[in-house]
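Heads up, protein.pdb below (PDB, C-alpha atoms and all ligand atoms):
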ATOM      1  CA  MET A  82     186.579-145.567 111.909  1.00  0.00           C
ATOM      2  CA  ILE A  83     185.653-142.779 114.291  1.00  0.00           C
ATOM      3  CA  SER A  84     182.471-143.624 116.184  1.00  0.00           C
ATOM      4  CA  SER A  85     179.444-141.501 115.357  1.00  0.00           C
ATOM      5  CA  THR A  86     177.826-142.112 118.743  1.00  0.00           C
ATOM      6  CA  VAL A  87     180.627-140.623 120.867  1.00  0.00           C
ATOM      7  CA  GLN A  88     181.689-137.003 120.403  1.00  0.00           C
ATOM      8  CA  HIS A  89     185.456-136.839 119.813  1.00  0.00           C
ATOM      9  CA  LYS A  90     187.438-133.692 119.167  1.00  0.00           C
ATOM     10  CA  THR A  91     188.956-134.281 115.721  1.00  0.00           C
ATOM     11  CA  ALA A  92     191.797-132.602 113.849  1.00  0.00           C
ATOM     12  CA  LEU A  93     193.627-133.047 110.544  1.00  0.00           C
ATOM     13  CA  ALA A  94     197.301-133.971 110.411  1.00  0.00           C
ATOM     14  CA  LEU A  95     199.881-134.659 107.718  1.00  0.00           C
ATOM     15  CA  SER A  96     201.912-137.677 108.704  1.00  0.00           C
ATOM     16  CA  PRO A  97     204.509-139.962 107.046  1.00  0.00           C
ATOM     17  CA  PHE A  98     202.664-142.599 105.026  1.00  0.00           C
ATOM     18  CA  GLN A  99     202.645-146.080 106.538  1.00  0.00           C
ATOM     19  CA  SER A 100     203.253-148.703 103.876  1.00  0.00           C
ATOM     20  CA  HIS A 101     200.583-151.019 105.360  1.00  0.00           C
ATOM     21  CA  SER A 102     197.939-148.433 104.312  1.00  0.00           C
ATOM     22  CA  ALA A 103     198.761-148.945 100.607  1.00  0.00           C
ATOM     23  CA  THR A 104     195.874-151.429 100.216  1.00  0.00           C
ATOM     24  CA  THR A 105     193.383-148.824 101.457  1.00  0.00           C
ATOM     25  CA  VAL A 106     194.691-146.219  98.995  1.00  0.00           C
ATOM     26  CA  SER A 107     194.597-148.720  96.109  1.00  0.00           C
ATOM     27  CA  GLN A 108     190.924-149.439  96.864  1.00  0.00           C
ATOM     28  CA  TRP A 109     190.007-145.747  96.505  1.00  0.00           C
ATOM     29  CA  VAL A 110     190.550-146.012  92.721  1.00  0.00           C
ATOM     30  CA  LYS A 111     187.414-147.601  91.314  1.00  0.00           C
ATOM     31  CA  ASN A 112     187.946-147.636  87.537  1.00  0.00           C
ATOM     32  CA  PRO A 113     190.567-147.065  84.787  1.00  0.00           C
ATOM     33  CA  GLN A 114     189.304-143.514  84.114  1.00  0.00           C
ATOM     34  CA  GLN A 115     189.942-142.515  87.728  1.00  0.00           C
ATOM     35  CA  LEU A 116     193.356-144.186  87.642  1.00  0.00           C
ATOM     36  CA  ARG A 117     194.298-142.283  84.465  1.00  0.00           C
ATOM     37  CA  LEU A 118     193.669-138.936  86.195  1.00  0.00           C
ATOM     38  CA  LEU A 119     195.708-139.941  89.237  1.00  0.00           C
ATOM     39  CA  ALA A 120     198.479-142.194  87.955  1.00  0.00           C
ATOM     40  CA  PRO A 121     198.457-142.591  84.155  1.00  0.00           C
ATOM     41  CA  SER A 122     201.502-144.887  84.168  1.00  0.00           C
ATOM     42  CA  SER A 123     199.872-147.392  86.562  1.00  0.00           C
ATOM     43  CA  ASN A 124     197.829-150.380  85.449  1.00  0.00           C
ATOM     44  CA  PHE A 125     194.232-151.000  86.548  1.00  0.00           C
ATOM     45  CA  PRO A 126     193.345-152.502  88.969  1.00  0.00           C
ATOM     46  CA  LEU A 127     195.678-150.584  91.219  1.00  0.00           C
ATOM     47  CA  THR A 128     197.352-152.825  93.815  1.00  0.00           C
ATOM     48  CA  SER A 129     199.070-152.077  97.120  1.00  0.00           C
ATOM     49  CA  ASP A 130     202.428-152.724  95.399  1.00  0.00           C
ATOM     50  CA  GLY A 131     201.382-150.313  92.650  1.00  0.00           C
ATOM     51  CA  VAL A 132     200.898-147.608  95.304  1.00  0.00           C
ATOM     52  CA  ARG A 133     204.229-148.434  96.977  1.00  0.00           C
ATOM     53  CA  HIS A 134     206.047-148.120  93.641  1.00  0.00           C
ATOM     54  CA  TRP A 135     204.807-144.572  92.993  1.00  0.00           C
ATOM     55  CA  LEU A 136     207.416-142.935  95.190  1.00  0.00           C
ATOM     56  CA  LYS A 137     210.628-141.792  93.473  1.00  0.00           C
ATOM     57  CA  PRO A 138     214.088-142.188  95.130  1.00  0.00           C
ATOM     58  CA  GLY A 139     214.476-139.473  97.773  1.00  0.00           C
ATOM     59  CA  GLY A 140     210.734-138.775  97.776  1.00  0.00           C
ATOM     60  CA  LYS A 141     208.395-138.814 100.758  1.00  0.00           C
ATOM     61  CA  ALA A 142     204.834-140.090 100.899  1.00  0.00           C
ATOM     62  CA  PHE A 143     202.309-138.576 103.304  1.00  0.00           C
ATOM     63  CA  SER A 144     198.937-139.437 104.778  1.00  0.00           C
ATOM     64  CA  LEU A 145     196.239-136.937 105.600  1.00  0.00           C
ATOM     65  CA  LEU A 146     194.880-138.240 108.894  1.00  0.00           C
ATOM     66  CA  GLU A 147     191.829-137.355 110.896  1.00  0.00           C
ATOM     67  CA  THR A 148     192.865-137.756 114.501  1.00  0.00           C
ATOM     68  CA  ALA A 149     190.624-137.919 117.538  1.00  0.00           C
ATOM     69  CA  ASP A 150     191.243-137.848 121.280  1.00  0.00           C
ATOM     70  CA  ALA A 151     192.300-141.082 122.947  1.00  0.00           C
ATOM     71  CA  GLN A 152     189.414-143.329 123.901  1.00  0.00           C
ATOM     72  CA  PRO A 153     188.950-143.511 127.692  1.00  0.00           C
ATOM     73  CA  LYS A 154     189.063-147.329 127.786  1.00  0.00           C
ATOM     74  CA  THR A 155     192.050-148.014 125.531  1.00  0.00           C
ATOM     75  CA  HIS A 156     193.945-144.704 125.850  1.00  0.00           C
ATOM     76  CA  ARG A 157     194.771-145.144 122.166  1.00  0.00           C
ATOM     77  CA  PRO A 158     194.310-142.189 119.830  1.00  0.00           C
ATOM     78  CA  ILE A 159     192.022-142.788 116.858  1.00  0.00           C
ATOM     79  CA  GLU A 160     193.464-142.141 113.402  1.00  0.00           C
ATOM     80  CA  ASN A 161     191.460-142.304 110.220  1.00  0.00           C
ATOM     81  CA  LEU A 162     193.229-142.250 106.828  1.00  0.00           C
ATOM     82  CA  LEU A 163     191.603-139.596 104.607  1.00  0.00           C
ATOM     83  CA  GLY A 164     194.165-138.905 101.899  1.00  0.00           C
ATOM     84  CA  TYR A 165     197.529-139.601 100.308  1.00  0.00           C
ATOM     85  CA  GLY A 166     200.107-137.460  98.486  1.00  0.00           C
ATOM     86  CA  GLU A 167     203.832-137.309  97.696  1.00  0.00           C
ATOM     87  CA  LEU A 168     206.701-134.862  97.537  1.00  0.00           C
ATOM     88  CA  ASN A 169     209.380-136.046  95.106  1.00  0.00           C
ATOM     89  CA  PRO A 170     212.633-134.188  94.362  1.00  0.00           C
ATOM     90  CA  MET A 171     213.278-133.398  90.701  1.00  0.00           C
ATOM     91  CA  GLN A 172     216.345-135.266  89.427  1.00  0.00           C
ATOM     92  CA  ALA A 173     218.136-132.139  88.232  1.00  0.00           C
ATOM     93  CA  ASN A 174     217.512-130.047  91.357  1.00  0.00           C
ATOM     94  CA  ALA A 175     216.535-131.353  94.804  1.00  0.00           C
ATOM     95  CA  GLN A 176     215.209-127.888  95.762  1.00  0.00           C
ATOM     96  CA  HIS A 177     212.615-128.330  93.035  1.00  0.00           C
ATOM     97  CA  VAL A 178     209.862-130.615  94.329  1.00  0.00           C
ATOM     98  CA  TRP A 179     207.133-132.454  92.484  1.00  0.00           C
ATOM     99  CA  ILE A 180     203.717-133.078  94.093  1.00  0.00           C
ATOM    100  CA  GLY A 181     202.395-136.452  92.999  1.00  0.00           C
ATOM    101  CA  HIS A 182     199.433-138.782  93.402  1.00  0.00           C
ATOM    102  CA  VAL A 183     197.179-136.569  95.505  1.00  0.00           C
ATOM    103  CA  ILE A 184     194.058-138.532  96.397  1.00  0.00           C
ATOM    104  CA  ILE A 185     191.251-138.244  98.963  1.00  0.00           C
ATOM    105  CA  ASP A 186     189.059-141.130 100.167  1.00  0.00           C
ATOM    106  CA  PRO A 187     186.082-141.049  97.731  1.00  0.00           C
ATOM    107  CA  ALA A 188     183.654-141.165 100.678  1.00  0.00           C
ATOM    108  CA  ARG A 189     185.096-137.881 101.989  1.00  0.00           C
ATOM    109  CA  ARG A 190     185.458-135.772  98.822  1.00  0.00           C
ATOM    110  CA  ALA A 191     183.979-132.283  98.278  1.00  0.00           C
ATOM    111  CA  GLN A 192     184.434-131.456 101.987  1.00  0.00           C
ATOM    112  CA  GLY A 193     187.553-129.305 101.614  1.00  0.00           C
ATOM    113  CA  LEU A 194     189.977-132.153 102.319  1.00  0.00           C
ATOM    114  CA  GLY A 195     191.733-132.010  98.928  1.00  0.00           C
ATOM    115  CA  SER A 196     192.560-128.370  99.613  1.00  0.00           C
ATOM    116  CA  ALA A 197     193.615-129.202 103.171  1.00  0.00           C
ATOM    117  CA  LEU A 198     195.968-131.918 101.908  1.00  0.00           C
ATOM    118  CA  THR A 199     197.413-129.685  99.166  1.00  0.00           C
ATOM    119  CA  ASN A 200     198.010-126.844 101.648  1.00  0.00           C
ATOM    120  CA  ARG A 201     199.799-129.179 104.029  1.00  0.00           C
ATOM    121  CA  LEU A 202     201.988-130.653 101.291  1.00  0.00           C
ATOM    122  CA  VAL A 203     202.947-127.135 100.180  1.00  0.00           C
ATOM    123  CA  HIS A 204     203.758-126.141 103.758  1.00  0.00           C
ATOM    124  CA  GLU A 205     205.847-129.311 104.210  1.00  0.00           C
ATOM    125  CA  ALA A 206     207.763-128.644 100.963  1.00  0.00           C
ATOM    126  CA  PHE A 207     208.482-124.933 101.513  1.00  0.00           C
ATOM    127  CA  ILE A 208     208.792-124.715 105.295  1.00  0.00           C
ATOM    128  CA  SER A 209     210.064-128.137 106.436  1.00  0.00           C
ATOM    129  CA  GLN A 210     212.037-129.150 103.317  1.00  0.00           C
ATOM    130  CA  ARG A 211     212.932-125.571 102.296  1.00  0.00           C
ATOM    131  CA  ALA A 212     212.151-126.261  98.629  1.00  0.00           C
ATOM    132  CA  GLU A 213     212.411-123.335  96.198  1.00  0.00           C
ATOM    133  CA  ARG A 214     209.789-124.430  93.675  1.00  0.00           C
ATOM    134  CA  ILE A 215     206.918-126.928  93.499  1.00  0.00           C
ATOM    135  CA  SER A 216     205.573-128.308  90.223  1.00  0.00           C
ATOM    136  CA  LEU A 217     202.829-130.710  89.287  1.00  0.00           C
ATOM    137  CA  VAL A 218     200.892-131.796  86.229  1.00  0.00           C
ATOM    138  CA  VAL A 219     197.148-132.289  86.023  1.00  0.00           C
ATOM    139  CA  PHE A 220     194.690-133.304  83.307  1.00  0.00           C
ATOM    140  CA  PRO A 221     192.614-130.308  82.097  1.00  0.00           C
ATOM    141  CA  GLU A 222     189.342-132.131  82.881  1.00  0.00           C
ATOM    142  CA  ASN A 223     190.295-132.707  86.543  1.00  0.00           C
ATOM    143  CA  THR A 224     188.475-129.603  87.737  1.00  0.00           C
ATOM    144  CA  SER A 225     188.383-130.361  91.462  1.00  0.00           C
ATOM    145  CA  ALA A 226     192.146-131.054  91.506  1.00  0.00           C
ATOM    146  CA  ILE A 227     192.861-127.859  89.550  1.00  0.00           C
ATOM    147  CA  ARG A 228     190.734-125.901  92.007  1.00  0.00           C
ATOM    148  CA  CYS A 229     192.722-127.338  94.963  1.00  0.00           C
ATOM    149  CA  TYR A 230     196.012-126.297  93.344  1.00  0.00           C
ATOM    150  CA  GLN A 231     194.774-122.809  92.392  1.00  0.00           C
ATOM    151  CA  LYS A 232     193.473-122.222  95.918  1.00  0.00           C
ATOM    152  CA  ALA A 233     196.902-123.210  97.289  1.00  0.00           C
ATOM    153  CA  GLY A 234     198.489-120.502  95.090  1.00  0.00           C
ATOM    154  CA  PHE A 235     199.619-122.544  92.053  1.00  0.00           C
ATOM    155  CA  THR A 236     199.338-121.058  88.591  1.00  0.00           C
ATOM    156  CA  CYS A 237     199.305-122.839  85.253  1.00  0.00           C
ATOM    157  CA  VAL A 238     202.612-122.082  83.516  1.00  0.00           C
ATOM    158  CA  ARG A 239     202.080-124.070  80.303  1.00  0.00           C
ATOM    159  CA  GLU A 240     200.430-126.980  78.545  1.00  0.00           C
ATOM    160  CA  GLU A 241     202.580-130.069  77.994  1.00  0.00           C
ATOM    161  CA  LEU A 242     202.273-133.294  76.013  1.00  0.00           C
ATOM    162  CA  HIS A 243     203.118-136.471  77.928  1.00  0.00           C
ATOM    163  CA  ARG A 244     203.263-140.141  76.930  1.00  0.00           C
ATOM    164  CA  PHE A 245     202.722-142.781  79.611  1.00  0.00           C
ATOM    165  CA  GLY A 246     204.001-146.361  79.817  1.00  0.00           C
ATOM    166  CA  GLU A 247     204.132-148.224  76.503  1.00  0.00           C
ATOM    167  CA  SER A 248     201.443-146.101  74.878  1.00  0.00           C
ATOM    168  CA  THR A 249     202.298-143.859  71.931  1.00  0.00           C
ATOM    169  CA  GLN A 250     199.289-141.644  72.691  1.00  0.00           C
ATOM    170  CA  GLN A 251     200.106-138.042  73.571  1.00  0.00           C
ATOM    171  CA  ASN A 252     198.213-136.627  76.549  1.00  0.00           C
ATOM    172  CA  ARG A 253     197.662-132.915  77.063  1.00  0.00           C
ATOM    173  CA  LEU A 254     198.366-131.826  80.654  1.00  0.00           C
ATOM    174  CA  TYR A 255     198.578-128.530  82.492  1.00  0.00           C
ATOM    175  CA  ARG A 256     201.777-127.816  84.364  1.00  0.00           C
ATOM    176  CA  PHE A 257     201.228-125.846  87.565  1.00  0.00           C
ATOM    177  CA  GLU A 258     203.971-124.223  89.613  1.00  0.00           C
ATOM    178  CA  LEU A 259     204.400-122.334  92.861  1.00  0.00           C
ATOM    179  CA  LEU A 260     207.571-120.530  93.958  1.00  0.00           C
ATOM    180  CA  ARG A 261     208.642-120.345  97.583  1.00  0.00           C
ATOM    181  CA  THR A 262     209.091-116.560  97.330  1.00  0.00           C
ATOM    182  CA  ASP A 263     205.501-116.155  96.100  1.00  0.00           C
ATOM    183  CA  TYR A 264     204.187-118.538  98.771  1.00  0.00           C
ATOM    184  CA  LEU A 265     205.928-116.651 101.562  1.00  0.00           C
ATOM    185  CA  ALA A 266     204.771-113.310 100.167  1.00  0.00           C
ATOM    186  CA  GLN A 267     201.133-114.436  99.842  1.00  0.00           C
ATOM    187  CA  THR A 268     200.549-116.495 102.962  1.00  0.00           C
ATOM    188  CA  THR A 269     201.320-116.730 106.597  1.00  0.00           C
ATOM    189  CA  PRO A 270     202.926-120.175 106.763  1.00  0.00           C
ATOM    190  CA  ASP A 271     199.886-121.810 108.355  1.00  0.00           C
ATOM    191  CA  PRO A 272     198.580-124.905 106.494  1.00  0.00           C
ATOM    192  CA  ASN A 273     195.273-124.773 108.402  1.00  0.00           C
ATOM    193  CA  GLN A 274     194.066-121.770 106.431  1.00  0.00           C
TER     194      GLN A 274
HETATM  195  C1  LIG B   1     191.154-134.033  93.354  1.00  0.00           C
HETATM  196  C2  LIG B   1     190.763-134.381  94.788  1.00  0.00           C
HETATM  197  C3  LIG B   1     192.013-134.659  95.605  1.00  0.00           C
HETATM  198  C4  LIG B   1     189.994-133.187  95.395  1.00  0.00           C
HETATM  199  O1  LIG B   1     189.662-133.518  96.713  1.00  0.00           O
HETATM  200  P1  LIG B   1     188.330-132.951  97.399  1.00  0.00           P
HETATM  201  O2  LIG B   1     188.444-133.264  98.849  1.00  0.00           O
HETATM  202  O3  LIG B   1     187.143-133.446  96.696  1.00  0.00           O
HETATM  203  O4  LIG B   1     188.508-131.381  97.119  1.00  0.00           O
HETATM  204  P2  LIG B   1     187.895-130.181  97.961  1.00  0.00           P
HETATM  205  O5  LIG B   1     186.651-130.617  98.679  1.00  0.00           O
HETATM  206  O6  LIG B   1     188.986-129.563  98.753  1.00  0.00           O
HETATM  207  O7  LIG B   1     187.429-129.211  96.790  1.00  0.00           O
HETATM  208  C5  LIG B   1     188.360-128.405  96.126  1.00  0.00           C
HETATM  209  C6  LIG B   1     187.608-127.553  95.140  1.00  0.00           C
HETATM  210  O8  LIG B   1     187.096-128.368  94.090  1.00  0.00           O
HETATM  211  C7  LIG B   1     185.711-128.154  93.959  1.00  0.00           C
HETATM  212  N1  LIG B   1     185.105-129.451  93.660  1.00  0.00           N
HETATM  213  C8  LIG B   1     184.971-130.507  94.466  1.00  0.00           C
HETATM  214  N2  LIG B   1     184.381-131.518  93.804  1.00  0.00           N
HETATM  215  C9  LIG B   1     184.134-131.049  92.560  1.00  0.00           C
HETATM  216  C10 LIG B   1     183.544-131.612  91.395  1.00  0.00           C
HETATM  217  N3  LIG B   1     183.096-132.878  91.401  1.00  0.00           N
HETATM  218  N4  LIG B   1     183.486-130.850  90.283  1.00  0.00           N
HETATM  219  C11 LIG B   1     183.952-129.588  90.277  1.00  0.00           C
HETATM  220  N5  LIG B   1     184.523-128.997  91.346  1.00  0.00           N
HETATM  221  C12 LIG B   1     184.605-129.729  92.459  1.00  0.00           C
HETATM  222  C13 LIG B   1     185.260-127.671  95.303  1.00  0.00           C
HETATM  223  O9  LIG B   1     184.065-126.906  95.188  1.00  0.00           O
HETATM  224  C14 LIG B   1     186.422-126.829  95.742  1.00  0.00           C
HETATM  225  O10 LIG B   1     186.422-125.561  95.131  1.00  0.00           O
HETATM  226  P3  LIG B   1     185.812-124.293  95.908  1.00  0.00           P
HETATM  227  O11 LIG B   1     186.540-124.226  97.202  1.00  0.00           O
HETATM  228  O12 LIG B   1     186.096-123.173  94.973  1.00  0.00           O
HETATM  229  O13 LIG B   1     184.379-124.560  96.128  1.00  0.00           O
HETATM  230  C15 LIG B   1     189.796-135.606  94.820  1.00  0.00           C
HETATM  231  O14 LIG B   1     188.690-135.344  94.000  1.00  0.00           O
HETATM  232  C16 LIG B   1     190.436-136.894  94.401  1.00  0.00           C
HETATM  233  O15 LIG B   1     190.998-137.632  95.223  1.00  0.00           O
HETATM  234  N6  LIG B   1     190.347-137.225  93.078  1.00  0.00           N
HETATM  235  C17 LIG B   1     190.890-138.477  92.558  1.00  0.00           C
HETATM  236  C18 LIG B   1     192.404-138.454  92.420  1.00  0.00           C
HETATM  237  C19 LIG B   1     192.879-137.311  91.554  1.00  0.00           C
HETATM  238  O16 LIG B   1     192.376-137.055  90.482  1.00  0.00           O
HETATM  239  N7  LIG B   1     193.914-136.611  92.060  1.00  0.00           N
HETATM  240  C20 LIG B   1     194.521-135.474  91.386  1.00  0.00           C
HETATM  241  C21 LIG B   1     195.676-135.885  90.555  1.00  0.00           C
HETATM  242  S1  LIG B   1     196.440-134.475  89.748  1.00  0.00           S
END
Please express the file's structure as structure tokens.
Amino acid sequence: MISSTVQHKTALALSPFQSHSATTVSQWVKNPQQLRLLAPSSNFPLTSDGVRHWLKPGGKAFSLLETADAQPKTHRPIENLLGYGELNPMQANAQHVWIGHVIIDPARRAQGLGSALTNRLVHEAFISQRAERISLVVFPENTSAIRCYQKAGFTCVREELHRFGESTQQNRLYRFELLRTDYLAQTTPDPNQ
């Protein structure tokens, strides 16, 4: 944790996810209702292995980190894990990327970090990976997630019915998409905006 008594200059960074942080991410999900919104195919309680199994072949998992200047005594930079998200290639087309499992530390929500993470994932997909299209699905009641995606430029293209795991229950989800051409036309490619 970053000390509250010493003033450090902090910044946000998107970084490859370190598998040893999977336990921390699993502990952010407090009940089955929260898990359904995030990962409807996973079983509660979420475990570190459950988090590690989210990623699809060819996909990349990322951490949103808060970084602070190196401490004078140790010369080690301080890094605080704030969020997690994935970019997975669609099976049919690797230029079509799927954003999955976006989550922010519950203690740090409603501070703009969900938007910051979404913006960085979009930048990574379009600028670093040169993807042509990004898709995602979200439950209609997940208003803060929908707001993050809309603010990043996504629009809802349709409603879909999905079944998860063994369940026969149909779930109504919104499918959101963003095209690289629209992203480049709308934004300067700066994820810090
Ligand atoms: C969804 C999630 C990532 C959003 O992260 P966050 O850091 O709280 O989001 P932000 O602070 O960037 O807020 C984004 C927008 O949502 C709004 N918002 C935040 N909390 C809200 C709430 N409880 N109800 C309604 N709107 C809310 C914010 O006001 C902001 O919109 P604005 O800029 O128009 O004011 C976070 O709530 C989370 O981890 N949820 C659990 C996992 C999950 O459901 N992931 C999404 C899977 S599709």
Can you translate the PyMOL selection byres (((not hetatm)) within 10 of (chain B and resi 1)) into the concrete residues it hits in this file, as a count of residues only?
54
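Residues matching the PyMOL selection byres (((chain A and resi 258) around 7) and not hetatm) in this structure come to Ile215, Ser216, Leu217, Phe235, Thr236, Cys237, Val238, Arg256, Phe257, Leu259 and Leu260 of chain A.
If you measure from each of A:Leu242, A:Ala212, A:Ala142, A:Val203 to His177 in chain A using all atoms listed in the file, the closest one turns out to be A:Ala212.
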Determine the residue set returned by the PyMOL selection byres (((chain A and resi 205) around 12) and not hetatm) for the present structure, and present it as a count of residues only.
33
Got a sec: who's within 8 Å of Leu127 in chain A, counting only C-alpha atoms, leaving out chain neighbours fewer than 4 positions off, as a PDB file with C-alpha atoms, in the coordinates of the input?
ATOM      1  CA  SER A 107     194.597-148.720  96.109  1.00  0.00           C
ATOM      2  CA  GLN A 108     190.924-149.439  96.864  1.00  0.00           C
ATOM      3  CA  VAL A 110     190.550-146.012  92.721  1.00  0.00           C
ATOM      4  CA  LEU A 116     193.356-144.186  87.642  1.00  0.00           C
ATOM      5  CA  SER A 123     199.872-147.392  86.562  1.00  0.00           C
ATOM      6  CA  GLY A 131     201.382-150.313  92.650  1.00  0.00           C
ATOM      7  CA  VAL A 132     200.898-147.608  95.304  1.00  0.00           C
TER       8      VAL A 132
END
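Taking CA of Phe125 in chain A as the reference point, CA of Pro113 in chain A is found at 5.7 Å.
A straight line drawn from CA of Arg239 in chain A to CA of Ala173 in chain A is 19.6 Å long.
Of the listed residues (A:Leu265, A:Thr104, A:Lys154, A:Ser122), A:Ser122 comes nearest to His243 in chain A; the distances count all atoms listed in the file.
Put simply, CA of Arg157 in chain A is 13.9 Å away from CA of Lys90 in chain A.
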Counting only C-alpha atoms, which residue out of A:Trp135, A:Ala233, A:Gln250, A:Glu240 sits closest to Gln267 in chain A?
A:Ala233
Given the choices A:Ser248, A:Ser100, A:Ala92, A:Asn124, which gets closest to Ala149 in chain A if the distance is worked out from all atoms listed in the file?
A:Ala92
